[in-house]
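Student: Okay, so here is final.cif, and as you'll see once you scroll down, it has mmCIF, C-alpha atoms and all ligand atoms.
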```
data_input
#
loop_
_atom_site.label_atom_id
_atom_site.label_comp_id
_atom_site.auth_asym_id
_atom_site.auth_seq_id
_atom_site.Cartn_x
_atom_site.Cartn_y
_atom_site.Cartn_z
CA MET A 18 -18.65 -42.66 -20.31
CA THR A 19 -19.88 -39.34 -18.94
CA GLU A 20 -18.13 -36.38 -20.43
CA VAL A 21 -16.47 -34.14 -17.85
CA LYS A 22 -17.71 -30.58 -18.36
CA ASP A 23 -15.00 -27.98 -17.96
CA ASP A 24 -15.62 -24.94 -15.83
CA PRO A 25 -16.16 -21.99 -18.15
CA PHE A 26 -13.17 -20.07 -16.82
CA LEU A 27 -10.76 -22.95 -17.39
CA ASN A 28 -9.63 -21.58 -20.74
CA ASP A 29 -10.80 -18.00 -20.58
CA LEU A 30 -8.62 -15.31 -18.97
CA SER A 31 -11.37 -12.73 -18.58
CA LEU A 32 -13.66 -15.24 -16.84
CA SER A 33 -10.82 -16.24 -14.49
CA LEU A 34 -10.34 -12.60 -13.52
CA LYS A 35 -14.09 -12.18 -13.09
CA GLN A 36 -14.21 -15.24 -10.85
CA ALA A 37 -11.29 -13.94 -8.76
CA TRP A 38 -13.14 -10.68 -8.03
CA GLU A 39 -16.39 -12.56 -7.33
CA LEU A 40 -14.61 -14.76 -4.79
CA LEU A 41 -13.08 -11.68 -3.15
CA ARG A 42 -16.42 -9.86 -3.05
CA ALA A 43 -18.12 -12.90 -1.52
CA GLY A 44 -15.19 -13.20 0.89
CA ALA A 45 -15.91 -9.76 2.28
CA ALA A 46 -19.67 -10.27 2.43
CA ASP A 47 -19.79 -13.81 3.86
CA ARG A 48 -18.07 -14.47 7.16
CA HIS A 49 -18.17 -18.19 6.41
CA SER A 50 -16.15 -17.79 3.23
CA PRO A 51 -12.53 -18.93 3.58
CA LEU A 52 -11.56 -15.73 1.79
CA HIS A 53 -13.08 -13.71 4.66
CA THR A 54 -9.79 -14.17 6.51
CA PRO A 55 -6.88 -13.96 4.07
CA VAL A 56 -3.23 -13.79 5.06
CA VAL A 57 -1.78 -10.29 4.73
CA ALA A 58 2.00 -10.09 4.43
CA THR A 59 4.27 -7.12 4.97
CA VAL A 60 8.02 -6.64 5.16
CA THR A 61 9.46 -5.59 8.54
CA GLY A 62 12.02 -2.85 9.04
CA ALA A 63 14.62 -5.64 9.32
CA GLY A 64 13.65 -6.88 5.86
CA THR A 65 11.95 -10.11 6.94
CA ALA A 66 8.48 -11.20 5.83
CA SER A 67 5.69 -10.87 8.40
CA GLN A 68 2.24 -12.39 7.95
CA ARG A 69 -1.04 -12.28 9.79
CA ILE A 70 -4.68 -13.21 9.24
CA MET A 71 -7.02 -10.25 8.80
CA VAL A 72 -10.76 -9.99 8.22
CA LEU A 73 -11.54 -8.75 4.73
CA ARG A 74 -14.18 -6.08 5.36
CA ALA A 75 -14.92 -4.61 1.95
CA VAL A 76 -14.05 -5.09 -1.70
CA ASP A 77 -14.57 -2.57 -4.47
CA GLN A 78 -13.66 -3.95 -7.85
CA HIS A 79 -14.04 -0.59 -9.58
CA SER A 80 -11.40 1.16 -7.44
CA ARG A 81 -9.54 -2.19 -6.93
CA ARG A 82 -9.61 -1.47 -3.20
CA LEU A 83 -9.78 -3.94 -0.34
CA ARG A 84 -10.44 -2.76 3.20
CA PHE A 85 -9.34 -4.20 6.53
CA ASN A 86 -9.74 -2.81 10.05
CA THR A 87 -6.81 -2.63 12.40
CA ASP A 88 -5.25 -1.04 15.49
CA LEU A 89 -3.19 2.02 14.68
CA ARG A 90 -0.61 0.92 17.25
CA GLY A 91 0.12 -2.49 15.65
CA SER A 92 3.39 -3.48 13.96
CA LYS A 93 1.81 -3.87 10.54
CA VAL A 94 0.81 -0.20 10.53
CA ALA A 95 4.44 0.87 10.90
CA GLU A 96 5.47 -1.70 8.29
CA VAL A 97 2.96 -0.40 5.78
CA GLY A 98 4.04 3.21 6.38
CA ARG A 99 2.99 5.25 3.42
CA GLY A 100 2.20 3.07 0.46
CA ALA A 101 4.38 -0.03 1.00
CA SER A 102 3.59 -3.12 -1.05
CA VAL A 103 1.70 -5.90 0.67
CA SER A 104 0.92 -9.43 -0.43
CA LEU A 105 -2.37 -11.22 0.27
CA LEU A 106 -3.07 -14.92 0.14
CA GLY A 107 -6.22 -17.00 0.40
CA TYR A 108 -7.52 -20.39 -0.67
CA HIS A 109 -11.14 -21.28 -1.36
CA PRO A 110 -11.36 -25.12 -1.06
CA GLU A 111 -14.84 -25.37 -2.59
CA ALA A 112 -13.89 -23.28 -5.61
CA LYS A 113 -10.44 -24.91 -5.56
CA VAL A 114 -8.92 -21.51 -6.18
CA GLN A 115 -5.87 -19.94 -4.57
CA LEU A 116 -5.61 -16.16 -4.89
CA ARG A 117 -2.31 -14.37 -4.40
CA LEU A 118 -2.61 -10.61 -4.63
CA SER A 119 -0.20 -7.73 -4.33
CA GLY A 120 -0.87 -4.04 -4.02
CA LYS A 121 -0.07 -0.73 -2.40
CA ALA A 122 -1.31 -0.36 1.15
CA GLU A 123 -2.34 2.75 3.02
CA VAL A 124 -3.47 3.29 6.61
CA GLN A 125 -6.14 5.87 7.39
CA SER A 126 -7.12 6.65 10.96
CA THR A 127 -9.18 9.76 10.25
CA GLY A 128 -11.52 10.80 7.46
CA PRO A 129 -14.91 9.67 6.21
CA ASP A 130 -13.90 6.12 5.28
CA ALA A 131 -12.32 5.40 8.68
CA ASP A 132 -15.30 7.03 10.45
CA ALA A 133 -17.78 4.92 8.44
CA ALA A 134 -15.81 1.72 9.13
CA TRP A 135 -15.81 2.49 12.87
CA GLU A 136 -19.59 3.07 12.81
CA GLN A 137 -20.10 -0.23 10.96
CA ALA A 138 -18.09 -2.21 13.52
CA SER A 139 -20.02 -4.03 16.25
CA LEU A 140 -19.56 -3.11 19.91
CA TYR A 141 -17.49 -6.27 20.37
CA GLY A 142 -15.45 -5.28 17.32
CA GLN A 143 -14.92 -1.77 18.69
CA ARG A 144 -13.91 -3.20 22.06
CA CYS A 145 -10.77 -4.68 20.45
CA TYR A 146 -9.35 -1.16 20.18
CA LEU A 147 -9.40 -0.56 23.93
CA ALA A 148 -6.43 -2.80 24.72
CA GLU A 149 -3.83 -1.21 27.02
CA PRO A 150 -0.93 -1.21 26.65
CA ALA A 151 -0.74 -1.35 22.84
CA PRO A 152 -1.11 -4.69 20.99
CA GLY A 153 2.22 -6.49 20.86
CA SER A 154 3.54 -4.92 24.10
CA PRO A 155 5.39 -7.39 26.33
CA VAL A 156 3.59 -7.95 29.66
CA ASP A 157 4.42 -9.80 32.88
CA ALA A 158 1.18 -11.82 33.08
CA PRO A 159 -1.30 -13.22 30.53
CA THR A 160 -3.90 -10.61 29.62
CA SER A 161 -6.48 -9.57 27.03
CA GLY A 162 -5.37 -6.00 27.52
CA LEU A 163 -8.98 -5.07 28.32
CA ALA A 164 -10.19 -3.50 31.56
CA SER A 165 -12.06 -6.05 33.72
CA ALA A 166 -15.30 -4.03 33.44
CA ILE A 167 -15.52 -4.78 29.72
CA GLU A 168 -13.98 -8.24 29.64
CA GLY A 169 -16.47 -11.02 28.91
CA VAL A 170 -19.42 -8.65 28.53
CA LYS A 171 -20.97 -6.69 25.70
CA PRO A 172 -19.64 -3.16 26.16
CA THR A 173 -21.82 -0.08 25.92
CA PRO A 174 -21.30 2.60 23.22
CA ASP A 175 -19.95 4.88 25.97
CA GLN A 176 -17.39 2.28 27.05
CA VAL A 177 -15.98 1.76 23.55
CA ARG A 178 -15.91 5.41 22.45
CA THR A 179 -12.26 6.02 23.36
CA GLY A 180 -11.23 3.05 21.19
CA ARG A 181 -11.84 5.22 18.13
CA THR A 182 -8.44 6.91 18.56
CA ASN A 183 -6.72 3.52 18.14
CA PHE A 184 -8.83 2.43 15.19
CA ALA A 185 -7.66 2.59 11.59
CA ILE A 186 -8.46 1.12 8.22
CA LEU A 187 -5.88 -0.55 6.05
CA LEU A 188 -6.66 -0.09 2.37
CA VAL A 189 -4.99 -2.13 -0.34
CA GLU A 190 -5.09 -1.00 -3.96
CA VAL A 191 -4.70 -4.27 -5.84
CA GLU A 192 -2.06 -4.27 -8.58
CA THR A 193 -1.59 -7.95 -9.35
CA ILE A 194 -3.79 -11.02 -8.99
CA GLU A 195 -2.48 -14.51 -9.38
CA TRP A 196 -5.22 -17.10 -9.79
CA LEU A 197 -4.49 -20.81 -9.40
CA TYR A 198 -7.26 -23.30 -10.09
CA LEU A 199 -6.87 -26.93 -9.13
CA ALA A 200 -8.61 -29.19 -11.65
CA HIS A 201 -8.53 -32.97 -12.13
CA ARG A 202 -7.69 -32.83 -15.79
CA GLY A 203 -4.95 -30.27 -15.27
CA HIS A 204 -4.54 -27.17 -13.15
CA ARG A 205 -4.68 -23.64 -14.50
CA ARG A 206 -2.73 -20.59 -13.42
CA ALA A 207 -3.10 -17.03 -14.61
CA ARG A 208 -1.51 -13.75 -13.62
CA PHE A 209 -3.18 -10.38 -14.04
CA HIS A 210 -1.68 -6.95 -13.59
CA TRP A 211 -3.34 -3.57 -13.61
CA ASN A 212 -2.04 -1.48 -16.50
CA ALA A 213 -2.60 2.02 -15.13
CA ALA A 214 -1.71 3.77 -18.40
CA ALA A 215 -4.19 1.69 -20.38
CA VAL A 216 -6.67 1.63 -17.46
CA ARG A 217 -7.25 -2.09 -17.76
CA TRP A 218 -6.32 -5.48 -16.38
CA GLU A 219 -3.95 -7.52 -18.51
CA GLY A 220 -3.55 -11.23 -18.00
CA ILE A 221 -1.33 -14.10 -19.11
CA TRP A 222 -1.47 -17.83 -18.53
CA LEU A 223 1.32 -19.41 -16.52
CA VAL A 224 2.29 -23.04 -16.19
CA PRO A 225 0.81 -24.13 -12.86
C1 LIG B 301 -9.43 -15.06 12.49
C2 LIG B 301 -8.56 -13.86 12.77
C3 LIG B 301 -8.95 -12.63 12.33
C4 LIG B 301 -8.18 -11.50 12.56
N1 LIG B 301 -8.59 -10.29 12.08
C5 LIG B 301 -7.80 -9.20 12.25
C6 LIG B 301 -8.17 -7.96 11.68
O1 LIG B 301 -9.18 -7.84 10.99
N2 LIG B 301 -7.36 -6.91 11.90
C7 LIG B 301 -6.20 -7.00 12.62
O2 LIG B 301 -5.50 -6.00 12.75
N3 LIG B 301 -5.82 -8.17 13.18
C8 LIG B 301 -6.58 -9.27 13.01
N4 LIG B 301 -6.22 -10.47 13.56
C9 LIG B 301 -4.99 -10.53 14.40
C10 LIG B 301 -3.75 -10.54 13.50
O3 LIG B 301 -3.64 -11.80 12.86
C11 LIG B 301 -2.46 -10.22 14.27
O4 LIG B 301 -2.23 -11.20 15.23
C12 LIG B 301 -2.51 -8.86 14.94
O5 LIG B 301 -3.20 -7.91 14.16
C13 LIG B 301 -1.10 -8.32 15.20
O6 LIG B 301 -0.44 -8.16 13.97
P1 LIG B 301 0.83 -7.24 13.76
O7 LIG B 301 1.68 -7.38 15.01
O8 LIG B 301 1.48 -7.78 12.56
O9 LIG B 301 0.37 -5.83 13.57
C14 LIG B 301 -6.97 -11.62 13.30
C15 LIG B 301 -6.56 -12.88 13.73
C16 LIG B 301 -7.35 -13.99 13.47
C17 LIG B 301 -6.87 -15.33 13.96
#
```
Here is the file; what I need is its structure written in the form of structure tokens.
Tutor:
Amino acid sequence: MTEVKDDPFLNDLSLSLKQAWELLRAGAADRHSPLHTPVVATVTGAGTASQRIMVLRAVDQHSRRLRFNTDLRGSKVAEVGRGASVSLLGYHPEAKVQLRLSGKAEVQSTGPDADAAWEQASLYGQRCYLAEPAPGSPVDAPTSGLASAIEGVKPTPDQVRTGRTNFAILLVEVETIEWLYLAHRGHRRARFHWNAAAVRWEGIWLVP
């Protein structure tokens, strides 16, 4: 009988953590990765959970920061406020790994990081920030919110310029990572938290 070879991270906490960051990094870099579009959850002013899909734009393991782009006028921006906790969720079917992250979020609409993110966005991406009235506004008739001159066509740099005032980046400083790996012979689950005083990740195994 062929021996089933375990994945190396199956019984090794540090390799599980390494794999989690690799999946996140690949999620930002590869638009075909299922982790390119995680669920980002906030808590509304009324205390209820609110979730939405967002495109993971950048991951920096060293600073533990994830970056998303968003419209400054959206509900999630108000919900994040200054430094609220957010929860992120994604599942990578090929790796059979679910990642559940939590961290402190921050919205920046000015500054070098927001400017660089705006410059990196495509013209179609920048066009999203031209919607009027603001995203989430009730309207009488179905609409994209875009002016007809830029609907269905690639806009020019001149046409998208004013969108910059509505553009912001949402940064998440990751504080916990829960890694769940589905395996035939038995699942594995681990939880990591960033120990700021010790400047290191600490992990424990959990029963899946
Ligand atoms: C595939 C996909 C990708 C999305 N990417 C983003 C994104 O990167 N940023 C964003 O603000 N909204 C994105 N959205 C829209 C959000 O899910 C959400 O509908 C919108 O931002 C309004 O959210 P809010 O009212 O909670 O602020 C995306 C939706 C889908 C389906």
Student: Return as a PyMOL selection string every polymer residue, whether protein, DNA or RNA, with at least one atom no more than 8 Å from an atom of ligand LIG 301 (chain B); count all atoms listed in the file.
Tutor: chain A and resi 54+67-74+85-88+90-94+152-153
Student: Name all residues at most 10 Å from Thr182 (chain A) (count only C-alpha atoms; drop same-chain ones fewer than 3 positions away) and give them as a PyMOL selection string.
Tutor: chain A and resi 88-90+126-127+146-147+178-179+185
Student: Excluding same-chain residues fewer than 6 positions from Leu32 (chain A), what lies within 12 Å of it counting all atoms listed in the file, as number ranges by chain?
Tutor: A: 24-26, 38-39, 196, 207, 209, 220
Student: Rank nothing, just name the residue among A:Glu195, A:Ser50, A:Ser31, A:Leu188 nearest to Ser102 (chain A), using all atoms listed in the file.
Tutor: A:Leu188
Student: For Thr59 (chain A), which residue among A:Val97, A:Ser80, A:Glu168, A:Gly44 is the nearest when counting all atoms listed in the file?
Tutor: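 Closest to Thr59 (chain A), using all atoms listed in the file: A:Val97.
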Student: Using all atoms listed in the file, determine which residues lie at most 9 Å from Glu219 (chain A), disregarding the query and same-chain residues fewer than 6 positions distant; provide the list as a ChimeraX atom specification.
Tutor: /A:208-212
Student: Report as a PDB file with C-alpha atoms, in the coordinates of the input all protein, DNA and RNA residues lying within 10 Å of Arg144 (chain A), evaluated on only C-alpha atoms, omitting residues in the same chain fewer than 4 positions from it.
Tutor:
```
ATOM      1  CA  ALA A 138     -18.090  -2.210  13.520  1.00  0.00           C
ATOM      2  CA  SER A 139     -20.020  -4.030  16.250  1.00  0.00           C
ATOM      3  CA  LEU A 140     -19.560  -3.110  19.910  1.00  0.00           C
ATOM      4  CA  ALA A 148      -6.430  -2.800  24.720  1.00  0.00           C
ATOM      5  CA  LEU A 163      -8.980  -5.070  28.320  1.00  0.00           C
ATOM      6  CA  ILE A 167     -15.520  -4.780  29.720  1.00  0.00           C
ATOM      7  CA  GLU A 168     -13.980  -8.240  29.640  1.00  0.00           C
ATOM      8  CA  LYS A 171     -20.970  -6.690  25.700  1.00  0.00           C
ATOM      9  CA  PRO A 172     -19.640  -3.160  26.160  1.00  0.00           C
ATOM     10  CA  THR A 173     -21.820  -0.080  25.920  1.00  0.00           C
ATOM     11  CA  PRO A 174     -21.300   2.600  23.220  1.00  0.00           C
ATOM     12  CA  GLN A 176     -17.390   2.280  27.050  1.00  0.00           C
ATOM     13  CA  VAL A 177     -15.980   1.760  23.550  1.00  0.00           C
ATOM     14  CA  ARG A 178     -15.910   5.410  22.450  1.00  0.00           C
ATOM     15  CA  THR A 179     -12.260   6.020  23.360  1.00  0.00           C
ATOM     16  CA  GLY A 180     -11.230   3.050  21.190  1.00  0.00           C
ATOM     17  CA  ARG A 181     -11.840   5.220  18.130  1.00  0.00           C
TER      18      ARG A 181
END
```
Student: Which of these residues is nearest to Glu123 (chain A), using only C-alpha atoms: A:Pro51, A:Pro225, A:Pro150, A:Gly98?
Tutor: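 Among the listed residues, A:Gly98 lies closest to Glu123 (chain A).
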Student: Measuring between all atoms listed in the file, which one of A:Ala122, A:Ala43, A:Leu187, A:Val216 shows the shortest distance to Val76 (chain A)?
Tutor: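 Checking each candidate against Val76 (chain A), we get A:Ala43 as the closest.
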Student: CA of Leu116 (chain A) and CA of Cys145 (chain A) are how many Å apart?
Tutor: 28.3 Å
Student: Work out how far apart CA of Thr193 (chain A) and CA of Leu118 (chain A) are and give it in Å to one decimal.
Tutor: 5.5 Å
